[in-house]
>>> print(open('my_file.cif').read())   # mmCIF, C-alpha atoms and all ligand atoms
data_final
#
loop_
_atom_site.label_atom_id
_atom_site.label_comp_id
_atom_site.auth_asym_id
_atom_site.auth_seq_id
_atom_site.Cartn_x
_atom_site.Cartn_y
_atom_site.Cartn_z
CA MET A 3 118.91 101.03 92.02
CA SER A 4 120.42 97.53 92.50
CA GLN A 5 117.42 96.04 94.26
CA PRO A 6 114.07 97.55 95.26
CA PRO A 7 113.25 97.64 99.01
CA ASP A 8 111.09 94.84 100.52
CA GLN A 9 108.67 97.16 102.26
CA VAL A 10 107.69 100.82 101.92
CA ASP A 11 104.94 103.17 103.07
CA ALA A 12 104.08 104.30 99.55
CA VAL A 13 104.79 103.23 95.99
CA ILE A 14 104.27 106.11 93.56
CA VAL A 15 103.70 105.23 89.90
CA GLY A 16 104.97 108.02 87.62
CA GLN A 17 107.56 110.73 88.21
CA GLY A 18 106.05 113.67 86.34
CA LEU A 19 105.02 116.84 88.18
CA ALA A 20 102.37 114.90 90.10
CA GLY A 21 104.52 111.97 91.26
CA THR A 22 107.54 114.16 92.02
CA SER A 23 105.54 116.60 94.14
CA LEU A 24 103.86 113.75 95.99
CA ALA A 25 107.16 111.95 96.59
CA TRP A 26 108.61 115.07 98.25
CA CYS A 27 105.51 115.45 100.46
CA PHE A 28 105.85 111.84 101.65
CA LEU A 29 109.61 112.15 102.19
CA ARG A 30 109.16 115.30 104.26
CA ARG A 31 106.82 113.38 106.54
CA GLY A 32 109.49 110.74 107.04
CA ALA A 33 107.74 108.09 104.92
CA ARG A 34 109.63 105.34 103.08
CA ILE A 35 108.74 105.56 99.41
CA LEU A 36 109.49 103.99 96.06
CA VAL A 37 108.91 106.02 92.88
CA ILE A 38 108.56 104.05 89.64
CA ASP A 39 108.93 105.84 86.31
CA ARG A 40 109.63 104.52 82.86
CA ALA A 41 111.55 107.65 81.76
CA GLU A 42 109.66 108.30 78.52
CA PRO A 43 111.41 111.13 76.64
CA PHE A 44 108.18 113.00 75.77
CA THR A 45 105.62 113.42 78.53
CA ALA A 46 103.55 116.45 79.52
CA SER A 47 105.98 117.30 82.31
CA ARG A 48 109.10 116.79 80.18
CA VAL A 49 107.98 119.07 77.34
CA ALA A 50 106.09 121.74 79.35
CA PRO A 51 107.70 125.19 79.55
CA GLY A 52 106.12 125.41 83.01
CA LEU A 53 104.47 128.81 82.66
CA ILE A 54 102.78 130.31 85.70
CA THR A 55 100.23 132.90 84.63
CA PRO A 56 97.81 134.53 87.06
CA ILE A 57 95.29 135.88 84.48
CA THR A 58 94.39 133.42 81.77
CA GLY A 59 91.88 132.39 79.14
CA LYS A 60 89.74 134.24 76.64
CA ARG A 61 87.65 135.78 79.43
CA LEU A 62 90.75 137.15 81.22
CA LYS A 63 89.90 135.64 84.59
CA ARG A 64 92.16 135.17 87.56
CA SER A 65 93.41 131.58 87.53
CA TRP A 66 91.10 129.25 89.54
CA GLN A 67 91.82 129.47 93.31
CA TRP A 68 95.02 131.40 92.60
CA THR A 69 95.28 132.72 96.17
CA GLU A 70 95.42 129.14 97.53
CA PHE A 71 97.53 127.50 94.82
CA TRP A 72 100.16 130.16 94.17
CA PRO A 73 101.66 130.63 97.68
CA ALA A 74 101.74 126.84 98.17
CA ALA A 75 103.50 126.32 94.82
CA ARG A 76 105.98 129.17 95.30
CA ASP A 77 107.01 128.06 98.80
CA PHE A 78 107.22 124.41 97.76
CA TYR A 79 109.54 125.01 94.77
CA ARG A 80 111.63 127.59 96.63
CA SER A 81 112.26 125.19 99.53
CA LEU A 82 113.18 122.39 97.11
CA GLU A 83 115.61 124.70 95.34
CA ILE A 84 117.44 124.86 98.67
CA THR A 85 117.20 121.10 99.31
CA THR A 86 118.44 120.15 95.83
CA GLU A 87 120.79 123.14 95.39
CA THR A 88 119.27 123.74 91.95
CA GLN A 89 117.42 126.77 90.63
CA PHE A 90 114.20 126.00 88.75
CA LEU A 91 111.62 128.66 89.67
CA HIS A 92 112.07 131.83 87.60
CA LEU A 93 109.79 134.75 88.40
CA ARG A 94 109.32 137.62 85.97
CA PRO A 95 106.32 139.62 84.78
CA ALA A 96 104.20 138.33 81.88
CA LEU A 97 102.46 140.32 79.16
CA ARG A 98 99.00 139.82 77.72
CA LEU A 99 98.17 141.70 74.53
CA PHE A 100 94.52 142.55 73.87
CA LEU A 101 93.06 140.87 70.80
CA SER A 102 90.35 143.50 70.21
CA ALA A 103 89.01 146.83 71.50
CA ALA A 104 86.19 144.88 73.18
CA GLU A 105 88.72 142.82 75.11
CA ARG A 106 90.44 145.96 76.42
CA GLU A 107 87.08 147.27 77.58
CA GLN A 108 86.18 143.98 79.27
CA PHE A 109 89.54 143.99 81.05
CA GLN A 110 89.02 147.56 82.30
CA GLN A 111 85.64 146.60 83.73
CA GLN A 112 87.05 143.57 85.52
CA LEU A 113 89.90 145.65 86.89
CA GLU A 114 87.43 148.21 88.29
CA GLN A 115 85.33 145.42 89.83
CA GLY A 116 88.36 144.15 91.78
CA GLU A 117 88.70 140.86 89.84
CA PHE A 118 92.50 141.10 90.00
CA ALA A 119 92.89 142.04 93.67
CA GLY A 120 96.20 140.85 95.07
CA LEU A 121 97.90 140.89 91.65
CA GLU A 122 100.08 143.60 90.20
CA VAL A 123 98.54 144.68 86.92
CA GLN A 124 99.84 147.50 84.75
CA ASP A 125 98.28 148.89 81.60
CA ILE A 126 100.31 148.90 78.37
CA ALA A 127 99.49 151.52 75.73
CA PRO A 128 98.79 150.46 72.12
CA ASN A 129 101.86 149.80 69.98
CA SER A 130 104.35 150.70 72.71
CA LEU A 131 106.28 147.39 72.81
CA PRO A 132 109.34 147.01 70.54
CA GLY A 133 109.00 144.18 68.01
CA LEU A 134 105.34 143.53 68.84
CA ALA A 135 102.17 144.45 66.98
CA ALA A 136 99.75 145.46 69.73
CA PRO A 137 97.10 147.81 68.25
CA TRP A 138 94.91 147.61 71.41
CA GLY A 139 97.79 147.52 73.89
CA GLY A 140 97.72 145.06 76.74
CA PHE A 141 98.78 144.63 80.36
CA GLU A 142 101.68 143.37 82.40
CA MET A 143 100.91 140.98 85.28
CA GLN A 144 102.79 139.79 88.35
CA PRO A 145 103.57 137.44 90.03
CA ALA A 146 104.27 135.29 86.98
CA GLY A 147 107.12 133.26 85.56
CA ASN A 148 107.95 129.67 84.92
CA LEU A 149 109.25 126.48 86.49
CA ASN A 150 112.03 124.77 84.58
CA VAL A 151 110.14 121.49 84.90
CA ALA A 152 112.90 119.35 83.37
CA ALA A 153 115.41 120.71 85.89
CA PHE A 154 112.97 120.15 88.79
CA LEU A 155 112.32 116.53 87.73
CA GLN A 156 116.00 115.83 87.15
CA ALA A 157 117.18 117.32 90.46
CA SER A 158 114.46 115.36 92.28
CA ALA A 159 115.28 112.10 90.46
CA LYS A 160 118.90 112.51 91.49
CA VAL A 161 117.94 112.71 95.17
CA PHE A 162 115.39 109.87 94.91
CA SER A 163 117.88 107.60 93.10
CA ALA A 164 120.75 108.35 95.48
CA ASP A 165 118.55 107.39 98.42
CA ALA A 166 117.22 104.22 96.70
CA HIS A 167 113.72 105.69 96.38
CA ARG A 168 113.47 105.40 92.56
CA TRP A 169 113.19 102.54 90.14
CA GLU A 170 113.22 103.03 86.36
CA GLY A 171 110.77 100.84 84.47
CA THR A 172 107.07 100.23 83.88
CA LEU A 173 104.66 98.98 86.52
CA ALA A 174 102.04 96.90 84.64
CA TYR A 175 98.66 96.44 86.35
CA ASP A 176 99.13 92.64 86.48
CA GLN A 177 102.25 93.19 88.62
CA ILE A 178 99.99 94.33 91.48
CA ASP A 179 98.79 91.73 94.00
CA LEU A 180 95.60 93.02 95.63
CA GLU A 181 95.57 90.32 98.33
CA THR A 182 99.05 90.91 99.75
CA ARG A 183 99.39 94.64 98.90
CA THR A 184 102.56 93.89 97.00
CA ILE A 185 103.90 94.85 93.63
CA ARG A 186 106.37 92.73 91.71
CA ILE A 187 109.23 94.51 89.92
CA ALA A 188 112.54 93.17 88.65
CA GLY A 189 111.71 89.71 90.05
CA HIS A 190 111.30 91.23 93.51
CA SER A 191 108.23 91.75 95.73
CA VAL A 192 107.66 95.11 97.40
CA GLN A 193 104.99 95.36 100.07
CA THR A 194 103.39 98.77 100.49
CA THR A 195 100.80 100.54 102.61
CA HIS A 196 99.76 102.85 99.72
CA LEU A 197 100.00 102.49 95.96
CA ILE A 198 99.48 105.85 94.30
CA PHE A 199 98.96 106.30 90.60
CA CYS A 200 100.40 109.52 89.12
CA GLU A 201 100.37 108.27 85.55
CA GLY A 202 99.45 111.48 83.71
CA TRP A 203 97.13 111.00 80.73
CA LYS A 204 97.80 107.23 80.76
CA GLY A 205 95.58 107.25 83.85
CA SER A 206 92.68 107.39 81.35
CA GLN A 207 93.46 103.70 80.66
CA ASN A 208 93.69 102.73 84.35
CA PRO A 209 90.97 100.11 85.08
CA TRP A 210 90.51 101.50 88.63
CA LEU A 211 89.83 105.04 87.38
CA ARG A 212 86.99 104.27 84.98
CA GLN A 213 84.59 106.69 86.70
CA VAL A 214 86.78 109.71 85.83
CA PRO A 215 85.73 111.59 82.65
CA PHE A 216 89.25 112.10 81.28
CA ARG A 217 89.68 114.56 78.42
CA PRO A 218 93.40 114.40 77.57
CA ALA A 219 94.63 117.09 75.18
CA LYS A 220 97.71 116.81 73.02
CA GLY A 221 99.81 119.98 72.82
CA GLU A 222 102.69 120.97 70.54
CA LEU A 223 105.49 123.49 71.06
CA LEU A 224 108.21 125.05 68.93
CA ARG A 225 111.57 126.23 70.23
CA VAL A 226 112.43 129.23 68.05
CA HIS A 227 115.28 131.65 67.50
CA ILE A 228 114.25 135.29 66.95
CA PRO A 229 117.34 137.23 65.84
CA GLY A 230 117.43 140.79 67.16
CA TRP A 231 114.54 140.44 69.63
CA SER A 232 115.26 140.20 73.32
CA GLU A 233 111.95 140.51 75.23
CA GLN A 234 112.42 138.62 78.50
CA ARG A 235 108.76 138.53 79.54
CA THR A 236 106.37 135.84 78.32
CA VAL A 237 104.00 137.33 75.75
CA HIS A 238 100.44 135.94 75.55
CA ALA A 239 98.17 136.86 72.66
CA GLY A 240 96.18 133.74 71.74
CA LYS A 241 99.43 131.87 71.18
CA TRP A 242 102.40 132.76 73.36
CA LEU A 243 106.19 133.18 73.37
CA ALA A 244 108.21 132.39 76.48
CA PRO A 245 111.94 133.14 76.81
CA VAL A 246 114.41 130.24 77.08
CA THR A 247 117.64 132.22 76.58
CA THR A 248 118.25 135.79 75.37
CA ASP A 249 117.07 135.19 71.79
CA GLN A 250 115.45 131.74 72.03
CA TYR A 251 111.82 131.19 72.98
CA TRP A 252 109.25 128.47 73.40
CA ALA A 253 106.24 129.17 71.20
CA GLY A 254 102.95 127.45 71.90
CA SER A 255 100.65 125.88 72.01
CA THR A 256 98.00 123.68 70.38
CA TYR A 257 95.04 121.59 71.62
CA GLU A 258 94.07 118.31 69.96
CA TRP A 259 91.70 115.80 71.57
CA ASN A 260 91.61 112.96 69.02
CA GLN A 261 95.19 112.18 68.01
CA LEU A 262 96.69 111.39 71.43
CA ASP A 263 100.39 110.78 70.90
CA CYS A 264 103.66 112.66 71.31
CA SER A 265 104.45 113.10 67.58
CA PRO A 266 104.85 116.66 66.28
CA THR A 267 102.63 117.42 63.26
CA GLU A 268 102.74 119.78 60.29
CA GLN A 269 99.34 121.14 61.38
CA GLY A 270 100.65 121.93 64.88
CA ARG A 271 103.71 123.68 63.48
CA SER A 272 101.67 125.80 61.13
CA ASP A 273 99.05 126.72 63.83
CA ILE A 274 101.75 127.98 66.18
CA LEU A 275 103.66 129.89 63.48
CA HIS A 276 100.47 131.59 62.24
CA GLY A 277 99.48 132.40 65.82
CA ILE A 278 102.73 134.14 66.74
CA ASP A 279 102.89 135.85 63.34
CA ARG A 280 99.87 137.91 64.37
CA PHE A 281 101.81 139.76 67.06
CA LEU A 282 105.52 139.19 66.39
CA VAL A 283 107.04 141.60 63.91
CA LYS A 284 110.34 139.73 63.40
CA PRO A 285 110.60 136.29 61.75
CA ALA A 286 111.15 133.19 63.91
CA GLN A 287 113.43 130.29 62.96
CA ILE A 288 112.40 126.86 64.23
CA LEU A 289 115.01 124.95 66.27
CA GLU A 290 112.91 122.16 67.77
CA HIS A 291 109.34 120.84 67.63
CA VAL A 292 107.91 118.70 70.46
CA ALA A 293 104.57 117.36 71.67
CA GLY A 294 103.05 115.89 74.82
CA VAL A 295 99.61 115.00 76.18
CA ARG A 296 98.03 116.99 79.03
CA PRO A 297 96.19 114.88 81.62
CA ALA A 298 92.93 116.83 81.69
CA VAL A 299 89.45 115.91 82.93
CA SER A 300 86.07 117.28 81.82
CA ASP A 301 85.67 119.90 84.61
CA SER A 302 89.35 121.00 84.31
CA HIS A 303 90.02 120.50 88.03
CA PRO A 304 92.68 118.23 89.53
CA VAL A 305 91.70 114.79 90.84
CA ILE A 306 92.91 113.43 94.18
CA GLY A 307 91.56 110.63 96.31
CA ARG A 308 91.58 106.97 97.11
CA HIS A 309 89.76 104.14 95.41
CA PRO A 310 86.30 103.60 97.01
CA GLU A 311 86.76 99.80 97.23
CA ILE A 312 90.56 99.46 97.36
CA PRO A 313 91.50 102.10 99.92
CA TRP A 314 95.25 101.46 99.65
CA PHE A 315 95.07 102.80 96.05
CA GLY A 316 95.49 106.57 95.76
CA PHE A 317 95.39 108.88 92.73
CA LEU A 318 96.78 112.28 91.75
CA ASN A 319 95.78 113.27 88.24
CA GLY A 320 93.89 115.84 86.18
CA LEU A 321 96.60 118.52 86.37
CA GLY A 322 95.55 119.65 82.88
CA THR A 323 97.12 122.86 81.65
CA LYS A 324 98.27 124.08 85.09
CA GLY A 325 100.41 121.32 86.51
CA VAL A 326 103.07 123.65 87.92
CA LEU A 327 100.57 125.71 89.88
CA HIS A 328 98.35 122.84 91.05
CA ALA A 329 100.72 119.91 91.75
CA PRO A 330 102.24 121.06 95.09
CA LEU A 331 98.97 121.81 96.94
CA MET A 332 97.26 118.74 95.48
CA ALA A 333 100.18 116.53 96.58
CA GLN A 334 99.95 118.01 100.08
CA ARG A 335 96.17 117.44 100.25
CA LEU A 336 96.56 113.84 99.08
CA CYS A 337 99.21 113.19 101.73
CA GLU A 338 96.85 114.62 104.37
CA LEU A 339 94.10 112.28 103.16
CA LEU A 340 96.26 109.15 103.06
CA LEU A 341 98.27 109.77 106.23
CA GLU A 342 95.80 111.67 108.43
CA GLY A 343 92.39 110.89 106.97
CA THR A 344 91.62 114.55 106.15
CA GLU A 345 89.16 114.63 103.25
CA PRO A 346 90.15 116.93 100.33
CA PRO A 347 87.86 119.76 99.15
CA PRO A 348 84.94 118.24 97.15
CA GLU A 349 85.79 120.16 93.95
CA VAL A 350 89.10 118.25 93.57
CA SER A 351 88.07 114.97 95.19
CA LEU A 352 87.87 111.73 93.21
CA SER A 353 84.57 111.13 94.99
CA ARG A 354 82.89 113.88 92.91
CA TRP A 355 82.09 111.13 90.38
C1 LIG B 1 102.56 121.18 75.24
C2 LIG B 1 102.27 121.33 76.70
C3 LIG B 1 102.48 122.55 77.33
C4 LIG B 1 102.23 122.69 78.68
N1 LIG B 1 102.51 123.89 79.26
C5 LIG B 1 102.32 124.03 80.60
C6 LIG B 1 102.69 125.24 81.24
O1 LIG B 1 103.23 126.15 80.62
N2 LIG B 1 102.43 125.36 82.57
C7 LIG B 1 101.88 124.35 83.30
O2 LIG B 1 101.68 124.51 84.52
N3 LIG B 1 101.51 123.19 82.71
C8 LIG B 1 101.72 123.01 81.38
N4 LIG B 1 101.38 121.86 80.77
C9 LIG B 1 100.66 120.86 81.57
C10 LIG B 1 101.61 120.06 82.46
O3 LIG B 1 102.67 119.62 81.67
C11 LIG B 1 100.85 118.90 83.08
O4 LIG B 1 99.78 119.36 83.85
C12 LIG B 1 101.74 118.08 84.02
O5 LIG B 1 103.01 117.91 83.47
C13 LIG B 1 101.13 116.71 84.28
O6 LIG B 1 101.98 116.01 85.14
P1 LIG B 1 101.68 114.50 85.51
O7 LIG B 1 102.76 114.08 86.43
O8 LIG B 1 100.27 114.35 85.96
O9 LIG B 1 101.76 113.69 84.13
P2 LIG B 1 103.03 113.31 83.21
O10 LIG B 1 103.90 114.44 83.02
O11 LIG B 1 102.42 112.67 82.00
O12 LIG B 1 103.80 112.22 84.06
C14 LIG B 1 103.37 110.90 84.20
C15 LIG B 1 104.60 110.04 84.37
O13 LIG B 1 104.22 108.71 84.70
C16 LIG B 1 104.94 107.79 83.93
N5 LIG B 1 104.13 106.57 83.89
C17 LIG B 1 102.82 106.46 83.54
N6 LIG B 1 102.41 105.18 83.70
C18 LIG B 1 103.48 104.49 84.19
C19 LIG B 1 103.66 103.11 84.56
N7 LIG B 1 102.67 102.22 84.48
N8 LIG B 1 104.88 102.72 85.01
C20 LIG B 1 105.90 103.63 85.10
N9 LIG B 1 105.76 104.94 84.76
C21 LIG B 1 104.56 105.36 84.31
C22 LIG B 1 105.12 108.50 82.59
O14 LIG B 1 106.17 107.93 81.85
C23 LIG B 1 105.41 109.92 83.08
O15 LIG B 1 106.78 110.10 83.35
C24 LIG B 1 101.68 121.63 79.43
C25 LIG B 1 101.47 120.40 78.81
C26 LIG B 1 101.76 120.24 77.47
C27 LIG B 1 101.56 118.91 76.82
#
>>> encode(input="my_file.cif", output="structure tokens")
Amino acid sequence: MSQPPDQVDAVIVGQGLAGTSLAWCFLRRGARILVIDRAEPFTASRVAPGLITPITGKRLKRSWQWTEFWPAARDFYRSLEITTETQFLHLRPALRLFLSAAEREQFQQQLEQGEFAGLEVQDIAPNSLPGLAAPWGGFEMQPAGNLNVAAFLQASAKVFSADAHRWEGTLAYDQIDLETRTIRIAGHSVQTTHLIFCEGWKGSQNPWLRQVPFRPAKGELLRVHIPGWSEQRTVHAGKWLAPVTTDQYWAGSTYEWNQLDCSPTEQGRSDILHGIDRFLVKPAQILEHVAGVRPAVSDSHPVIGRHPEIPWFGFLNGLGTKGVLHAPLMAQRLCELLLEGTEPPPEVSLSRW
């Protein structure tokens, strides 16, 4: 962009999954926006394989508010595939292998109690999957798949940049003038009605978000080549393997709450390799090793809202481990709050602290 605009309806700080989804929601309502992103090579959104998994966790529960989040996410990404003429949402079944006989039993009980209503769930018999050790079997679930997050961000950035809605660089907090509702970038003042922070885990250092109990978690991933294995469904069994191309997979992931940076570690590499070794019969060759930090908060729910004393400041954060599923509906709810005054549900509202 040669020069930022003088006046906009919303400045959005950060173009990860949060900022990108929000920018599209504003644009679709005809708002004038400016997205600022410093294009760091390793962020949660840039490294994430973007898995969408309806049944997750050790307790094999349906993902929180799946029936609200999933249709909103699916429709949002599908419509943007048309707008940007780029494919990024890939749907295919996912597998979950049982880790014990007790887990299979627990799953059966939940199935009988209707826990998975609305999902397609199919039992998989023990040791019936080629190349996988699955002594207790598992199940296949649908809908599932992944968003190619990098492609989504890139296609969106292209549109934002072409229409002069995007500026590459850092917005420092001392570049914000609270009196005049302006920000100063590239020696230029931009006046805005809303300033919305979508900074990912760096939001934990935002002086206007001190009330939020952030709990960012670093995660590492390996891109691996598995000669002679061609499973095209994501396999979850503690660690997971997700297809990239016919014989390349992302393998993940790790959780680390103290060392918050984007540097891959020997410990991370070894945790992932040992984890996939438990269920993968063939050896995996490492092609790439990356890390990012998930923007999580203590109750694991997203955070949307405006600042209690500076109402022109908005926030979209706390996407945690499920950014792909949660970002579209949270962006829509934040737009409704800022543009129409509709309060978001209390369980995702910033005002819960
Ligand atoms: C290893 C790993 C695996 C994951 N796997 C999945 C998965 O399979 N499925 C899933 O749904 N989720 C997954 N996630 C979680 C998902 O990546 C996050 O929930 C989501 O990407 C968070 O998006 P965000 O926009 O809030 O933050 P970020 O992606 O961190 O984006 C924030 C952006 O803001 C920019 N920024 C911050 N401050 C400023 C500033 N002052 N000025 C300019 N720019 C600024 C940053 O550079 C960045 O581009 C994973 C995360 C990790 C780390």
>>> atom_distance(input="my_file.cif", atom1="atom C16 of ligand LIG 1 (chain B)", atom2="CA of Thr45 (chain A)")
7.8 Å
>>> atom_distance(input="my_file.cif", atom1="CA of Pro128 (chain A)", atom2="CA of Gly140 (chain A)")
7.2 Å
>>> closest_residue(input="my_file.cif", among="A:Arg168, A:Lys284, A:Arg30, A:Lys60", to="ligand LIG 1 (chain B)", atoms="only C-alpha atoms and all ligand atoms")
A:Arg168
>>> residues_around(input="my_file.cif", residues="Phe317 (chain A)", least_positions_apart="5", cutoff="6 Å", atoms="all atoms listed in the file", output="MDAnalysis selection string")
chainID A and resid 198:199 306:307
>>> write_last_selection(input="my_file.cif", atoms="C-alpha atoms", output="tab-separated table (two decimals), in the coordinates of the input")
chain	number	residue	atom	x	y	z
A	198	ILE	CA	99.48	105.85	94.30
A	199	PHE	CA	98.96	106.30	90.60
A	306	ILE	CA	92.91	113.43	94.18
A	307	GLY	CA	91.56	110.63	96.31
>>> residues_near_ligand(input="my_file.cif", ligand="ligand LIG 1 (chain B)", cutoff="7 Å", atoms="only C-alpha atoms and all ligand atoms", output="PyMOL selection string")
chain A and resi 15-21+38-42+45-54+171-174+200-204+220-223+255+293-297+319-327
>>> atom_distance(input="my_file.cif", atom1="CA of Ser102 (chain A)", atom2="CA of Gln124 (chain A)")
17.8 Å
>>> residues_around(input="my_file.cif", residues="Ile35 (chain A)", least_positions_apart="5", cutoff="12 Å", atoms="all atoms listed in the file", output="ChimeraX atom specification")
/A:6-15,21-22,24-30,162-163,165-169,192-198
>>> closest_residue(input="my_file.cif", among="A:Ser191, A:Gln67, A:Gln287, A:Thr58", to="His238 (chain A)", atoms="only C-alpha atoms")
A:Thr58
>>> closest_residue(input="my_file.cif", among="A:Leu211, A:Leu82, A:Ala103, A:Leu131", to="Ser158 (chain A)", atoms="all atoms listed in the file")
A:Leu82
>>> residues_around(input="my_file.cif", residues="Leu339 (chain A)", least_positions_apart="3", cutoff="12 Å", atoms="all atoms listed in the file", output="MDAnalysis selection string")
chainID A and resid 28 196 306:308 313:318 332:336 342:347 351:352
>>> residues_near_point(input="my_file.cif", point="(89.8, 143.1, 72.9)", cutoff="12 Å", atoms="all atoms listed in the file", output="list of chain:residue names")
A:Lys60, A:Arg61, A:Leu62, A:Arg98, A:Leu99, A:Phe100, A:Leu101, A:Ser102, A:Ala103, A:Ala104, A:Glu105, A:Arg106, A:Glu107, A:Gln108, A:Phe109, A:Gln110, A:Pro128, A:Ala136, A:Pro137, A:Trp138, A:Gly139, A:Gly140, A:Phe141, A:Ala239, A:Gly240
>>> write_last_selection(input="my_file.cif", atoms="C-alpha atoms", output="PDB file, keeping the file's coordinate frame")
ATOM      1  CA  LYS A  60      89.740 134.240  76.640  1.00  0.00           C
ATOM      2  CA  ARG A  61      87.650 135.780  79.430  1.00  0.00           C
ATOM      3  CA  LEU A  62      90.750 137.150  81.220  1.00  0.00           C
ATOM      4  CA  ARG A  98      99.000 139.820  77.720  1.00  0.00           C
ATOM      5  CA  LEU A  99      98.170 141.700  74.530  1.00  0.00           C
ATOM      6  CA  PHE A 100      94.520 142.550  73.870  1.00  0.00           C
ATOM      7  CA  LEU A 101      93.060 140.870  70.800  1.00  0.00           C
ATOM      8  CA  SER A 102      90.350 143.500  70.210  1.00  0.00           C
ATOM      9  CA  ALA A 103      89.010 146.830  71.500  1.00  0.00           C
ATOM     10  CA  ALA A 104      86.190 144.880  73.180  1.00  0.00           C
ATOM     11  CA  GLU A 105      88.720 142.820  75.110  1.00  0.00           C
ATOM     12  CA  ARG A 106      90.440 145.960  76.420  1.00  0.00           C
ATOM     13  CA  GLU A 107      87.080 147.270  77.580  1.00  0.00           C
ATOM     14  CA  GLN A 108      86.180 143.980  79.270  1.00  0.00           C
ATOM     15  CA  PHE A 109      89.540 143.990  81.050  1.00  0.00           C
ATOM     16  CA  GLN A 110      89.020 147.560  82.300  1.00  0.00           C
ATOM     17  CA  PRO A 128      98.790 150.460  72.120  1.00  0.00           C
ATOM     18  CA  ALA A 136      99.750 145.460  69.730  1.00  0.00           C
ATOM     19  CA  PRO A 137      97.100 147.810  68.250  1.00  0.00           C
ATOM     20  CA  TRP A 138      94.910 147.610  71.410  1.00  0.00           C
ATOM     21  CA  GLY A 139      97.790 147.520  73.890  1.00  0.00           C
ATOM     22  CA  GLY A 140      97.720 145.060  76.740  1.00  0.00           C
ATOM     23  CA  PHE A 141      98.780 144.630  80.360  1.00  0.00           C
ATOM     24  CA  ALA A 239      98.170 136.860  72.660  1.00  0.00           C
ATOM     25  CA  GLY A 240      96.180 133.740  71.740  1.00  0.00           C
TER      26      GLY A 240
END
>>> closest_atom_pairs(input="my_file.cif", of="region 135-216 of chain A", to="region 70-74 of chain A", cutoff="12 Å", atoms="only C-alpha atoms", output="tab-separated table")
residue	atom	partner	partner_atom	distance
A:Gln144	CA	A:Trp72	CA	11.6
A:Pro145	CA	A:Trp72	CA	9.0
A:Ala146	CA	A:Trp72	CA	9.7
A:Gly147	CA	A:Trp72	CA	11.5
>>> closest_atom_pairs(input="my_file.cif", of="region 242-350 of chain A", to="region 226-231 of chain A", cutoff="6 Å", atoms="only C-alpha atoms", output="CSV")
residue,atom,partner,partner_atom,distance
A:Asp249,CA,A:Ile228,CA,5.6
A:Gln250,CA,A:His227,CA,4.5
A:Tyr251,CA,A:Val226,CA,5.3
A:Ala286,CA,A:Ile228,CA,4.8
A:Gln287,CA,A:His227,CA,5.1
A:Ile288,CA,A:Val226,CA,4.5
A:Leu289,CA,A:Val226,CA,5.3
>>> write_last_selection(input="my_file.cif", atoms="C-alpha atoms", output="mmCIF file, in the coordinates of the input")
data_model
loop_
_atom_site.group_PDB
_atom_site.id
_atom_site.type_symbol
_atom_site.label_atom_id
_atom_site.label_comp_id
_atom_site.auth_asym_id
_atom_site.auth_seq_id
_atom_site.Cartn_x
_atom_site.Cartn_y
_atom_site.Cartn_z
ATOM 1 C CA ASP A 249 117.070 135.190 71.790
ATOM 2 C CA GLN A 250 115.450 131.740 72.030
ATOM 3 C CA TYR A 251 111.820 131.190 72.980
ATOM 4 C CA ALA A 286 111.150 133.190 63.910
ATOM 5 C CA GLN A 287 113.430 130.290 62.960
ATOM 6 C CA ILE A 288 112.400 126.860 64.230
ATOM 7 C CA LEU A 289 115.010 124.950 66.270
#
>>> closest_residue(input="my_file.cif", among="A:Pro95, A:Phe118, A:His328, A:Arg64", to="Ser302 (chain A)", atoms="only C-alpha atoms")
A:His328
>>> closest_residue(input="my_file.cif", among="A:Ser300, A:Asn150, A:Gln156, A:Thr184", to="His92 (chain A)", atoms="all atoms listed in the file")
A:Asn150
>>> closest_residue(input="my_file.cif", among="A:Leu113, A:Glu170, A:Thr248, A:Arg94", to="Leu36 (chain A)", atoms="all atoms listed in the file")
A:Glu170
